[in-house]
>>> print(open('input07.txt').read())   # compact mmCIF, C-alpha atoms
# COMPACT_ATOMS: atom_id res chain seq x y z
CA MET A 1 0.00 0.00 0.00
CA SER A 2 1.04 3.60 -0.52
CA ARG A 3 2.06 5.88 2.32
CA ILE A 4 0.04 9.09 2.41
CA GLU A 5 1.37 11.68 4.82
CA LEU A 6 -0.15 14.98 5.84
CA GLN A 7 2.44 16.99 7.73
CA GLU A 8 0.85 19.96 9.48
CA ALA A 9 -1.14 20.54 6.27
CA ARG A 10 -3.40 23.58 6.63
CA VAL A 11 -5.89 24.84 4.03
CA CYS A 12 -7.35 28.34 3.83
CA ALA A 13 -9.70 30.05 1.40
CA GLU A 14 -9.97 33.69 0.44
CA THR A 15 -13.37 35.27 0.94
CA GLY A 16 -14.60 38.83 0.50
CA ARG A 17 -13.98 39.39 4.20
CA GLY A 18 -10.51 37.91 4.42
CA GLU A 19 -9.06 34.46 4.85
CA VAL A 20 -11.00 31.54 6.31
CA GLU A 21 -9.40 28.35 7.60
CA ILE A 22 -11.01 25.31 5.94
CA LEU A 23 -8.74 22.68 7.45
CA ALA A 24 -6.61 23.28 10.52
CA ALA A 25 -2.99 22.10 10.52
CA THR A 26 -3.42 18.33 10.23
CA THR A 27 -0.90 15.55 10.65
CA LEU A 28 -1.89 12.05 9.54
CA THR A 29 -0.16 9.00 8.09
CA LEU A 30 -2.44 6.75 6.05
CA THR A 31 -1.17 3.31 5.07
CA GLU A 32 -4.23 1.05 5.47
CA PRO A 33 -5.86 -0.46 2.34
CA ARG A 34 -9.32 1.07 3.00
CA ILE A 35 -9.70 4.35 4.84
CA ALA A 36 -13.02 6.14 5.36
CA LEU A 37 -13.29 9.89 5.91
CA ILE A 38 -16.55 10.77 7.63
CA GLY A 39 -18.10 13.93 9.02
CA ALA A 40 -20.87 16.47 8.55
CA ASN A 41 -21.38 18.56 5.41
CA GLY A 42 -18.82 21.35 5.30
CA SER A 43 -16.61 19.69 7.93
CA GLY A 44 -13.52 19.70 5.70
CA LYS A 45 -13.34 16.00 4.84
CA SER A 46 -13.52 16.60 1.06
CA THR A 47 -10.83 19.26 1.38
CA LEU A 48 -8.64 16.75 3.19
CA ALA A 49 -9.25 14.19 0.43
CA ARG A 50 -8.50 16.74 -2.31
CA LEU A 51 -5.12 17.48 -0.74
CA VAL A 52 -4.01 13.95 -1.55
CA ASN A 53 -4.46 14.40 -5.32
CA GLY A 54 -3.27 18.01 -5.46
CA LEU A 55 -6.70 19.43 -6.31
CA VAL A 56 -6.23 21.57 -3.21
CA THR A 57 -2.81 22.80 -2.13
CA PRO A 58 -1.97 23.46 1.52
CA ARG A 59 -1.38 27.04 2.66
CA SER A 60 1.27 25.64 4.99
CA GLY A 61 2.63 22.21 5.76
CA ARG A 62 3.13 19.37 3.27
CA VAL A 63 1.30 16.44 1.74
CA VAL A 64 3.51 13.55 0.65
CA VAL A 65 2.52 10.39 -1.22
CA ASP A 66 5.17 7.67 -1.35
CA GLY A 67 7.85 10.27 -0.81
CA LEU A 68 6.52 12.64 -3.51
CA ASP A 69 5.49 16.14 -2.48
CA VAL A 70 2.01 16.76 -3.87
CA THR A 71 2.61 20.49 -4.42
CA ARG A 72 5.99 20.21 -6.14
CA GLU A 73 5.59 16.86 -7.87
CA GLY A 74 1.88 17.04 -8.67
CA ARG A 75 2.18 15.37 -12.06
CA GLU A 76 3.89 12.28 -10.64
CA VAL A 77 1.43 12.14 -7.75
CA ARG A 78 -1.62 12.32 -10.03
CA ARG A 79 -0.28 9.35 -12.01
CA ARG A 80 -0.38 7.37 -8.77
CA VAL A 81 -3.46 8.87 -7.14
CA ALA A 82 -6.79 8.83 -9.00
CA PHE A 83 -9.78 10.90 -7.91
CA ALA A 84 -13.50 10.17 -8.37
CA PHE A 85 -16.05 12.93 -7.78
CA THR A 86 -19.54 12.80 -6.26
CA ASP A 87 -21.20 13.88 -9.50
CA PRO A 88 -19.76 11.84 -12.36
CA THR A 89 -21.27 14.14 -15.00
CA ALA A 90 -18.51 16.70 -14.60
CA GLN A 91 -15.91 13.96 -14.78
CA LEU A 92 -17.11 12.51 -18.09
CA VAL A 93 -15.61 14.88 -20.62
CA MET A 94 -15.93 12.96 -23.89
CA PRO A 95 -19.14 12.32 -25.86
CA THR A 96 -19.19 8.52 -25.83
CA VAL A 97 -18.36 5.89 -23.22
CA ILE A 98 -15.32 4.41 -24.96
CA GLU A 99 -13.90 7.81 -25.90
CA ASP A 100 -13.98 8.89 -22.27
CA VAL A 101 -11.92 5.91 -21.18
CA SER A 102 -9.62 6.39 -24.19
CA LEU A 103 -8.86 9.91 -22.98
CA SER A 104 -7.28 8.46 -19.83
CA LEU A 105 -5.15 6.12 -21.95
CA ARG A 106 -3.72 8.68 -24.40
CA ARG A 107 -0.42 8.96 -22.52
CA THR A 108 0.13 5.22 -22.08
CA HIS A 109 -1.23 4.06 -25.48
CA PRO A 110 -0.18 6.49 -28.28
CA ASP A 111 -1.52 4.23 -31.07
CA ARG A 112 -5.27 4.76 -31.54
CA ASP A 113 -6.21 1.15 -32.37
CA ASP A 114 -4.18 -0.10 -29.45
CA ARG A 115 -5.83 2.53 -27.24
CA THR A 116 -9.33 1.59 -28.37
CA ARG A 117 -8.66 -2.09 -27.61
CA ALA A 118 -7.30 -1.19 -24.17
CA ALA A 119 -10.31 1.05 -23.48
CA GLN A 120 -12.71 -1.74 -24.49
CA ALA A 121 -10.87 -4.12 -22.14
CA VAL A 122 -11.27 -1.62 -19.29
CA LEU A 123 -15.00 -1.29 -20.03
CA ASP A 124 -15.40 -5.07 -20.13
CA ARG A 125 -13.62 -5.35 -16.77
CA TYR A 126 -16.15 -3.03 -15.13
CA GLY A 127 -19.22 -4.51 -16.84
CA LEU A 128 -19.68 -1.61 -19.25
CA GLY A 129 -18.51 -3.32 -22.44
CA ASP A 130 -21.95 -3.28 -24.09
CA LEU A 131 -22.25 0.48 -23.59
CA ALA A 132 -19.00 1.39 -25.41
CA ASP A 133 -20.60 3.42 -28.20
CA ARG A 134 -23.38 4.96 -26.13
CA SER A 135 -23.49 8.71 -25.47
CA VAL A 136 -22.50 9.49 -21.87
CA HIS A 137 -25.68 11.61 -21.70
CA SER A 138 -27.85 8.53 -22.15
CA LEU A 139 -26.40 6.59 -19.20
CA SER A 140 -28.16 6.09 -15.88
CA GLY A 141 -26.66 7.57 -12.71
CA GLY A 142 -25.18 4.24 -11.69
CA GLN A 143 -23.69 3.63 -15.12
CA ARG A 144 -22.18 7.13 -15.14
CA GLN A 145 -20.53 6.59 -11.77
CA LEU A 146 -19.15 3.21 -12.87
CA LEU A 147 -17.84 4.82 -16.06
CA ALA A 148 -16.24 7.66 -14.09
CA LEU A 149 -14.52 5.06 -11.92
CA ALA A 150 -13.46 3.04 -14.97
CA GLY A 151 -12.02 6.23 -16.51
CA VAL A 152 -9.80 7.00 -13.54
CA LEU A 153 -8.87 3.36 -12.88
CA ALA A 154 -7.91 2.76 -16.54
CA THR A 155 -4.35 3.90 -15.89
CA ASP A 156 -4.01 1.48 -12.95
CA PRO A 157 -3.18 4.00 -10.21
CA ASP A 158 -1.95 2.97 -6.76
CA VAL A 159 -4.51 4.98 -4.80
CA LEU A 160 -8.14 5.89 -5.44
CA VAL A 161 -9.62 8.86 -3.64
CA ALA A 162 -13.41 8.75 -3.95
CA ASP A 163 -15.41 11.78 -2.78
CA GLU A 164 -18.91 10.57 -1.82
CA PRO A 165 -19.21 8.33 -4.91
CA THR A 166 -22.51 6.78 -3.80
CA THR A 167 -24.34 9.90 -2.59
CA LEU A 168 -26.36 10.37 -5.80
CA LEU A 169 -27.12 6.67 -6.32
CA ASP A 170 -30.07 4.43 -5.46
CA LEU A 171 -29.64 1.40 -3.19
CA ALA A 172 -28.86 -1.12 -5.93
CA ASN A 173 -26.26 1.13 -7.58
CA THR A 174 -24.81 2.10 -4.19
CA ARG A 175 -24.19 -1.60 -3.51
CA LYS A 176 -22.73 -2.14 -6.98
CA VAL A 177 -20.32 0.81 -6.70
CA ALA A 178 -19.43 -0.01 -3.08
CA ASP A 179 -18.68 -3.64 -3.95
CA LEU A 180 -16.48 -2.48 -6.80
CA LEU A 181 -14.62 -0.01 -4.58
CA PHE A 182 -13.99 -2.59 -1.89
CA SER A 183 -12.82 -5.22 -4.40
CA LEU A 184 -10.10 -3.03 -5.95
CA ARG A 185 -6.42 -3.78 -5.49
CA GLN A 186 -5.85 -0.02 -5.08
CA GLN A 187 -5.61 1.69 -1.73
CA LEU A 188 -8.95 3.43 -1.16
CA LEU A 189 -9.53 6.76 0.56
CA LEU A 190 -13.30 7.05 0.71
CA VAL A 191 -15.17 10.20 1.72
CA THR A 192 -18.65 9.08 2.68
CA HIS A 193 -21.83 9.81 4.62
CA ASP A 194 -22.73 6.12 4.41
CA LEU A 195 -21.70 4.80 7.82
CA ASP A 196 -22.22 1.18 6.73
CA LEU A 197 -19.54 1.75 4.10
CA ALA A 198 -17.30 3.39 6.66
CA MET A 199 -17.68 0.29 8.86
CA ARG A 200 -16.35 -1.89 6.02
CA SER A 201 -13.06 0.08 6.04
CA ASP A 202 -9.85 -0.73 7.89
CA ARG A 203 -9.64 2.71 9.45
CA ALA A 204 -11.97 5.68 9.82
CA VAL A 205 -11.14 9.35 10.31
CA LEU A 206 -13.75 11.79 11.60
CA VAL A 207 -13.44 15.42 10.51
CA ASP A 208 -15.42 18.09 12.34
CA GLY A 209 -15.11 21.85 11.96
CA GLY A 210 -11.92 21.53 9.91
CA ARG A 211 -10.16 19.29 12.46
CA VAL A 212 -9.64 15.56 12.83
CA THR A 213 -11.57 14.74 16.00
CA ALA A 214 -11.43 10.93 15.95
CA ASP A 215 -9.20 8.44 14.18
CA GLY A 216 -8.98 4.69 14.53
CA ALA A 217 -11.08 1.54 14.28
CA PRO A 218 -14.25 2.23 12.23
CA ARG A 219 -16.67 1.00 14.91
CA GLU A 220 -15.26 3.37 17.55
CA VAL A 221 -15.04 6.35 15.20
CA VAL A 222 -18.57 5.84 13.87
CA ASP A 223 -19.94 5.50 17.42
CA HIS A 224 -18.12 8.69 18.38
CA TYR A 225 -19.64 10.47 15.36
CA ARG A 226 -23.15 9.21 16.13
CA ALA A 227 -22.86 10.25 19.77
CA GLY A 228 -21.97 13.78 18.75
CA VAL A 229 -24.97 14.28 16.45
CA PRO A 230 -27.96 15.78 18.32
CA MET B 1 -30.36 19.87 -31.06
CA SER B 2 -28.29 17.99 -28.53
CA ASP B 3 -29.31 14.67 -30.07
CA LEU B 4 -26.77 14.69 -32.87
CA ILE B 5 -24.36 17.58 -32.60
CA GLY B 6 -21.16 16.55 -30.87
CA VAL B 7 -22.12 12.89 -30.63
CA TYR B 8 -20.30 10.28 -32.71
CA GLN B 9 -22.33 7.45 -34.24
CA PRO B 10 -20.09 4.49 -35.11
CA GLY B 11 -20.39 3.13 -38.64
CA THR B 12 -18.52 1.85 -41.68
CA THR B 13 -19.71 4.26 -44.37
CA PHE B 14 -17.38 6.07 -46.76
CA LEU B 15 -17.57 9.17 -44.55
CA HIS B 16 -16.74 7.18 -41.42
CA ARG B 17 -13.66 5.73 -43.12
CA MET B 18 -12.52 9.08 -44.56
CA PRO B 19 -9.59 10.60 -42.60
CA ALA B 20 -10.66 13.26 -40.11
CA GLY B 21 -8.13 15.72 -41.54
CA ALA B 22 -9.68 15.48 -45.01
CA LYS B 23 -13.14 16.02 -43.55
CA LEU B 24 -11.98 19.06 -41.58
CA VAL B 25 -10.34 20.60 -44.67
CA ALA B 26 -13.41 19.87 -46.82
CA MET B 27 -15.67 21.45 -44.23
CA ALA B 28 -13.48 24.54 -44.05
CA VAL B 29 -13.44 24.87 -47.87
CA ILE B 30 -17.22 24.44 -48.18
CA SER B 31 -17.77 26.99 -45.39
CA VAL B 32 -15.52 29.59 -47.04
CA VAL B 33 -17.13 29.05 -50.47
CA THR B 34 -20.61 29.41 -48.93
CA VAL B 35 -19.71 32.70 -47.30
CA VAL B 36 -17.68 34.18 -50.18
CA TYR B 37 -20.16 33.24 -52.94
CA ARG B 38 -23.30 33.82 -50.89
CA SER B 39 -26.53 33.71 -52.89
CA PRO B 40 -29.82 31.80 -52.78
CA VAL B 41 -28.41 29.32 -55.33
CA THR B 42 -25.28 28.67 -53.23
CA SER B 43 -27.38 28.02 -50.14
CA VAL B 44 -29.73 25.66 -51.95
CA VAL B 45 -26.78 23.76 -53.48
CA LEU B 46 -25.20 23.53 -50.01
CA LEU B 47 -28.42 22.09 -48.56
CA VAL B 48 -28.63 19.50 -51.34
CA VAL B 49 -24.97 18.50 -50.85
CA VAL B 50 -25.43 18.23 -47.08
CA ALA B 51 -28.61 16.18 -47.51
CA ALA B 52 -26.63 13.78 -49.71
CA LEU B 53 -23.83 13.59 -47.13
CA LEU B 54 -26.31 12.86 -44.33
CA ALA B 55 -27.73 10.04 -46.45
CA VAL B 56 -24.26 8.65 -47.19
CA ALA B 57 -23.39 8.80 -43.47
CA ARG B 58 -26.62 6.88 -42.76
CA VAL B 59 -27.65 9.33 -40.08
CA ARG B 60 -30.82 8.02 -38.46
CA LEU B 61 -33.78 10.05 -39.72
CA ALA B 62 -35.59 10.16 -36.38
CA LEU B 63 -32.49 11.61 -34.71
CA LEU B 64 -32.01 14.08 -37.53
CA LEU B 65 -35.60 15.30 -37.21
CA ARG B 66 -35.19 15.74 -33.45
CA THR B 67 -32.05 17.77 -34.15
CA LEU B 68 -33.86 19.91 -36.72
CA ARG B 69 -36.84 20.42 -34.40
CA GLY B 70 -34.67 22.36 -31.97
CA LEU B 71 -33.13 24.30 -34.82
CA LEU B 72 -36.51 25.08 -36.38
CA VAL B 73 -37.62 27.55 -33.71
CA VAL B 74 -34.50 29.70 -34.00
CA MET B 75 -34.46 29.51 -37.79
CA THR B 76 -38.13 30.49 -38.06
CA VAL B 77 -37.46 33.67 -36.08
CA ILE B 78 -34.38 34.50 -38.18
CA THR B 79 -36.27 33.78 -41.43
CA ALA B 80 -39.18 36.02 -40.45
CA TYR B 81 -36.81 38.82 -39.52
CA GLN B 82 -34.79 38.49 -42.76
CA VAL B 83 -37.91 38.40 -44.97
CA TRP B 84 -39.27 41.48 -43.21
CA GLN B 85 -35.98 43.41 -43.38
CA GLN B 86 -34.31 42.22 -46.62
CA GLY B 87 -36.76 40.10 -48.59
CA TRP B 88 -37.14 36.36 -49.21
CA GLN B 89 -34.00 35.97 -51.35
CA HIS B 90 -31.78 37.23 -48.54
CA ALA B 91 -33.67 35.02 -46.08
CA VAL B 92 -32.99 31.94 -48.22
CA THR B 93 -29.31 32.91 -48.51
CA VAL B 94 -28.76 33.47 -44.77
CA VAL B 95 -30.96 30.77 -43.27
CA GLY B 96 -30.03 28.19 -45.94
CA ALA B 97 -26.33 28.78 -45.28
CA LEU B 98 -26.79 28.62 -41.50
CA VAL B 99 -28.80 25.39 -41.57
CA GLY B 100 -26.49 23.88 -44.18
CA LEU B 101 -23.33 24.63 -42.21
CA ILE B 102 -24.80 23.41 -38.92
CA LEU B 103 -25.79 20.15 -40.60
CA LEU B 104 -22.38 19.93 -42.27
CA ALA B 105 -20.76 20.18 -38.82
CA THR B 106 -23.18 17.48 -37.70
CA VAL B 107 -21.96 15.19 -40.50
CA LEU B 108 -18.41 15.71 -39.24
CA THR B 109 -19.16 14.97 -35.58
CA VAL B 110 -21.46 12.04 -36.35
CA THR B 111 -18.87 10.32 -38.54
CA THR B 112 -15.69 11.21 -36.63
CA SER B 113 -14.86 10.03 -33.12
CA VAL B 114 -13.43 12.67 -30.82
CA ASP B 115 -10.45 10.39 -30.28
CA GLU B 116 -9.71 10.51 -34.03
CA MET B 117 -10.19 14.28 -34.03
CA LEU B 118 -7.71 14.60 -31.14
CA ASP B 119 -5.14 12.54 -33.07
CA THR B 120 -5.62 14.61 -36.23
CA VAL B 121 -5.31 17.98 -34.53
CA THR B 122 -2.32 16.75 -32.51
CA ARG B 123 -0.57 15.57 -35.71
CA ALA B 124 -1.37 18.76 -37.60
CA LEU B 125 0.00 20.95 -34.83
CA GLY B 126 3.12 18.82 -34.33
CA PRO B 127 5.47 21.22 -36.18
CA PHE B 128 4.39 24.06 -33.88
CA ARG B 129 5.92 22.36 -30.83
CA ARG B 130 9.12 24.24 -31.64
CA VAL B 131 7.40 27.58 -31.00
CA GLY B 132 5.93 26.45 -27.68
CA VAL B 133 2.52 25.14 -28.81
CA ASP B 134 1.35 22.01 -26.95
CA PRO B 135 -0.61 20.07 -29.64
CA ASP B 136 -2.22 17.74 -27.07
CA LEU B 137 -3.63 20.64 -25.12
CA VAL B 138 -4.94 22.42 -28.25
CA ALA B 139 -6.53 19.17 -29.46
CA LEU B 140 -8.16 18.65 -26.09
CA ALA B 141 -9.53 22.20 -26.12
CA PHE B 142 -10.91 21.53 -29.62
CA SER B 143 -12.66 18.37 -28.45
CA LEU B 144 -14.03 19.98 -25.30
CA MET B 145 -15.51 22.73 -27.47
CA ILE B 146 -17.40 20.13 -29.52
CA ARG B 147 -18.43 18.28 -26.38
CA GLY B 148 -19.52 21.62 -24.88
CA ILE B 149 -22.35 22.09 -27.39
CA PRO B 150 -24.65 19.28 -26.20
CA THR B 151 -23.62 19.88 -22.60
CA THR B 152 -24.57 23.57 -22.74
CA ILE B 153 -27.88 22.72 -24.41
CA GLU B 154 -28.56 20.17 -21.66
CA LEU B 155 -27.76 22.78 -18.99
CA ALA B 156 -30.15 25.23 -20.71
CA ARG B 157 -32.90 22.61 -20.68
CA GLU B 158 -32.37 21.88 -16.99
CA THR B 159 -32.34 25.60 -16.15
CA ARG B 160 -35.59 26.15 -18.07
CA GLN B 161 -37.23 23.23 -16.25
CA ALA B 162 -36.04 24.59 -12.89
CA ALA B 163 -37.54 28.00 -13.74
CA MET B 164 -40.80 26.37 -14.89
CA ALA B 165 -41.02 24.39 -11.63
CA ARG B 166 -41.01 27.70 -9.77
CA GLY B 167 -43.43 29.40 -12.19
CA LEU B 168 -40.70 31.71 -13.51
CA GLU B 169 -40.48 30.52 -17.11
CA ARG B 170 -41.29 34.02 -18.43
CA ASN B 171 -38.69 35.75 -16.30
CA PRO B 172 -35.47 36.24 -18.33
CA ARG B 173 -33.39 36.72 -15.16
CA ALA B 174 -34.56 33.38 -13.83
CA LEU B 175 -33.32 31.77 -17.03
CA ILE B 176 -30.19 33.67 -18.03
CA THR B 177 -28.48 34.22 -14.66
CA PRO B 178 -28.61 30.58 -13.46
CA MET B 179 -27.77 29.39 -16.98
CA VAL B 180 -24.56 31.46 -17.03
CA LEU B 181 -23.66 30.41 -13.46
CA ARG B 182 -24.29 26.72 -14.19
CA THR B 183 -22.26 26.85 -17.40
CA VAL B 184 -19.30 28.49 -15.65
CA ALA B 185 -19.60 26.04 -12.72
CA HIS B 186 -19.66 23.12 -15.16
CA ALA B 187 -16.58 24.49 -16.94
CA ARG B 188 -14.77 24.75 -13.59
CA ALA B 189 -15.82 21.23 -12.60
CA THR B 190 -14.63 19.90 -15.97
CA GLY B 191 -11.28 21.63 -15.51
CA GLU B 192 -11.00 20.15 -12.03
CA ALA B 193 -11.84 16.67 -13.34
CA LEU B 194 -9.22 16.94 -16.09
CA HIS B 195 -6.69 18.13 -13.53
CA ALA B 196 -7.57 15.20 -11.25
CA ARG B 197 -7.10 12.77 -14.15
CA GLY B 198 -3.72 14.27 -14.91
CA VAL B 199 -4.88 15.34 -18.41
CA GLY B 200 -2.75 18.25 -19.55
CA ASP B 201 -0.07 17.69 -16.90
>>> encode(input="input07.txt", output="structure tokens")
Amino acid sequence: MSRIELQEARVCAETGRGEVEILAATTLTLTEPRIALIGANGSGKSTLARLVNGLVTPRSGRVVVDGLDVTREGREVRRRVAFAFTDPTAQLVMPTVIEDVSLSLRRTHPDRDDRTRAAQAVLDRYGLGDLADRSVHSLSGGQRQLLALAGVLATDPDVLVADEPTTLLDLANTRKVADLLFSLRQQLLLVTHDLDLAMRSDRAVLVDGGRVTADGAPREVVDHYRAGVP
Amino acid sequence: MSDLIGVYQPGTTFLHRMPAGAKLVAMAVISVVTVVYRSPVTSVVLLVVVAALLAVARVRLALLLRTLRGLLVVMTVITAYQVWQQGWQHAVTVVGALVGLILLATVLTVTTSVDEMLDTVTRALGPFRRVGVDPDLVALAFSLMIRGIPTTIELARETRQAAMARGLERNPRALITPMVLRTVAHARATGEALHARGVGD
């Protein structure tokens, strides 16, 4: 598994009335295969997750993945760390299913025929092979999320950061996506409101008001979270 | 209009097999000729040529009609205005050229995968690497522009439905302001997604 280190990483945002701290200086070392980030809306858990892929850069402190500094070596880090968003629509940037996966493979497969074959193999692996030529607009929510995951997993990264990937899905699709996520060989950093999913992880981290307030075995962290909700 | 424009339909027709570069050049030439030699005859000839190309590309008629249905409203308004201001001959020239060129672009996107388009633009811009141009990035921008057409139309439809649900369908502010905000937000989200996927790194 990869070693994800947050070293006093602090995130701030500029507003019309000055600077606001989104995430207080946080130090964490994440090495477990499945890690859940839980917490209320606006608690800072997505910001913490985005630090790992370089989508957010720390105002101070460092984020290091396998020895690579996310701010200075962002390109190398993004080749190792994939990111899946809550709403897959924004993530699907090509018109058809196979073209979207092909986009991820342009760097590793310069030849178009070779790339198309590789993209079809990726789609087959995730049960989307029959949809290859369909417009991404015509897919259901569950199919879009699976495609978004297939797109980021096509390059075989070491880590997958998934920001509430099941929030917009019905029960059947939630199960399908969750089963896929928990069957991957990749290290998983999962931001979720689904406490059942959090319980399936090896470690859970609770973020509240921009600070890590509990960290450890999922059962204990989830109980701590539940106890704090009025 | 979002049914066809920007969406590739796989096939094996002559137009599908034709290199994307040749199609792009042909489209550019036809567009320039239509504008330089503008007349009712030119527009009618363009429409006939495009109709033939749509038939050759085996574009599904039902989809084509759905595409035209969206176009019809805008073109009716433009036609009425042109007839009123400049007469029917000018209306045929302008509207015929507009419809013809939109359908010509549709032939290109229906018969050419974005992946192929990316390769073609990347190859064509290869020599410009020496002066600092990144062909991959330009090709990606080109593809995103094509992809942006159906996406923007979809956002407009959603915004209109949201306004209707609140009884504000006749209020231009309730349509235009959220439409602009949603389009910009979508563009930002797309940029963020590309960044997350390492595209353009």
>>> closest_residue(input="input07.txt", among="A:Arg34, A:His137, A:Arg117, A:Arg59", to="chain B", atoms="only C-alpha atoms")
A:His137
>>> atom_distance(input="input07.txt", atom1="atom CA of Gly100 of chain B", atom2="atom CA of Val93 of chain A")
27.5 Å
>>> interface_residues(input="input07.txt", of="chain A", to="chain B", cutoff="6 Å", atoms="only C-alpha atoms", output="PDB file with C-alpha atoms, in the coordinates of the input")
ATOM      1  CA  ARG A  75       2.180  15.370 -12.060  1.00  0.00           C
ATOM      2  CA  ARG A  78      -1.620  12.320 -10.030  1.00  0.00           C
ATOM      3  CA  PHE A  83      -9.780  10.900  -7.910  1.00  0.00           C
ATOM      4  CA  ALA A  90     -18.510  16.700 -14.600  1.00  0.00           C
ATOM      5  CA  GLN A  91     -15.910  13.960 -14.780  1.00  0.00           C
ATOM      6  CA  PRO A  95     -19.140  12.320 -25.860  1.00  0.00           C
TER       7      PRO A  95
END
>>> atom_distance(input="input07.txt", atom1="atom CA of Thr111 of chain B", atom2="atom CA of Val50 of chain B")
13.4 Å
>>> atom_distance(input="input07.txt", atom1="atom CA of Ala51 of chain B", atom2="atom CA of Ile149 of chain B")
21.9 Å
>>> residues_near_point(input="input07.txt", point="(-18.0, 17.6, 0.0)", cutoff="9 Å", atoms="all atoms listed in the file", output="list in words")
Asn41, Gly42, Ser43, Gly44, Lys45, Ser46, Thr47, Thr86, Asp163, Glu164, Val191 and Thr192 of chain A
>>> axis_aligned_box(input="input07.txt", around="segment 89-104 of chain B", padding_each_side="5 Å", output="lines of an AutoDock Vina configuration file")
center_x = -28.2
center_y = 28.6
center_z = -45.1
size_x = 21.6
size_y = 27.3
size_z = 22.4
>>> residues_around(input="input07.txt", residues="segment 88-91 of chain B", least_positions_apart="6", cutoff="12 Å", atoms="all atoms listed in the file", output="PyMOL selection string")
chain B and resi 38-44+75-82+97-99
>>> residues_around(input="input07.txt", residues="segment 18-33 of chain A", least_positions_apart="4", cutoff="8 Å", atoms="only C-alpha atoms", output="count of residues only")
28
>>> residues_near_point(input="input07.txt", point="(0.8, 18.2, -31.2)", cutoff="10 Å", atoms="only C-alpha atoms", output="VMD selection string")
chain B and resid 118 to 129 133 to 139
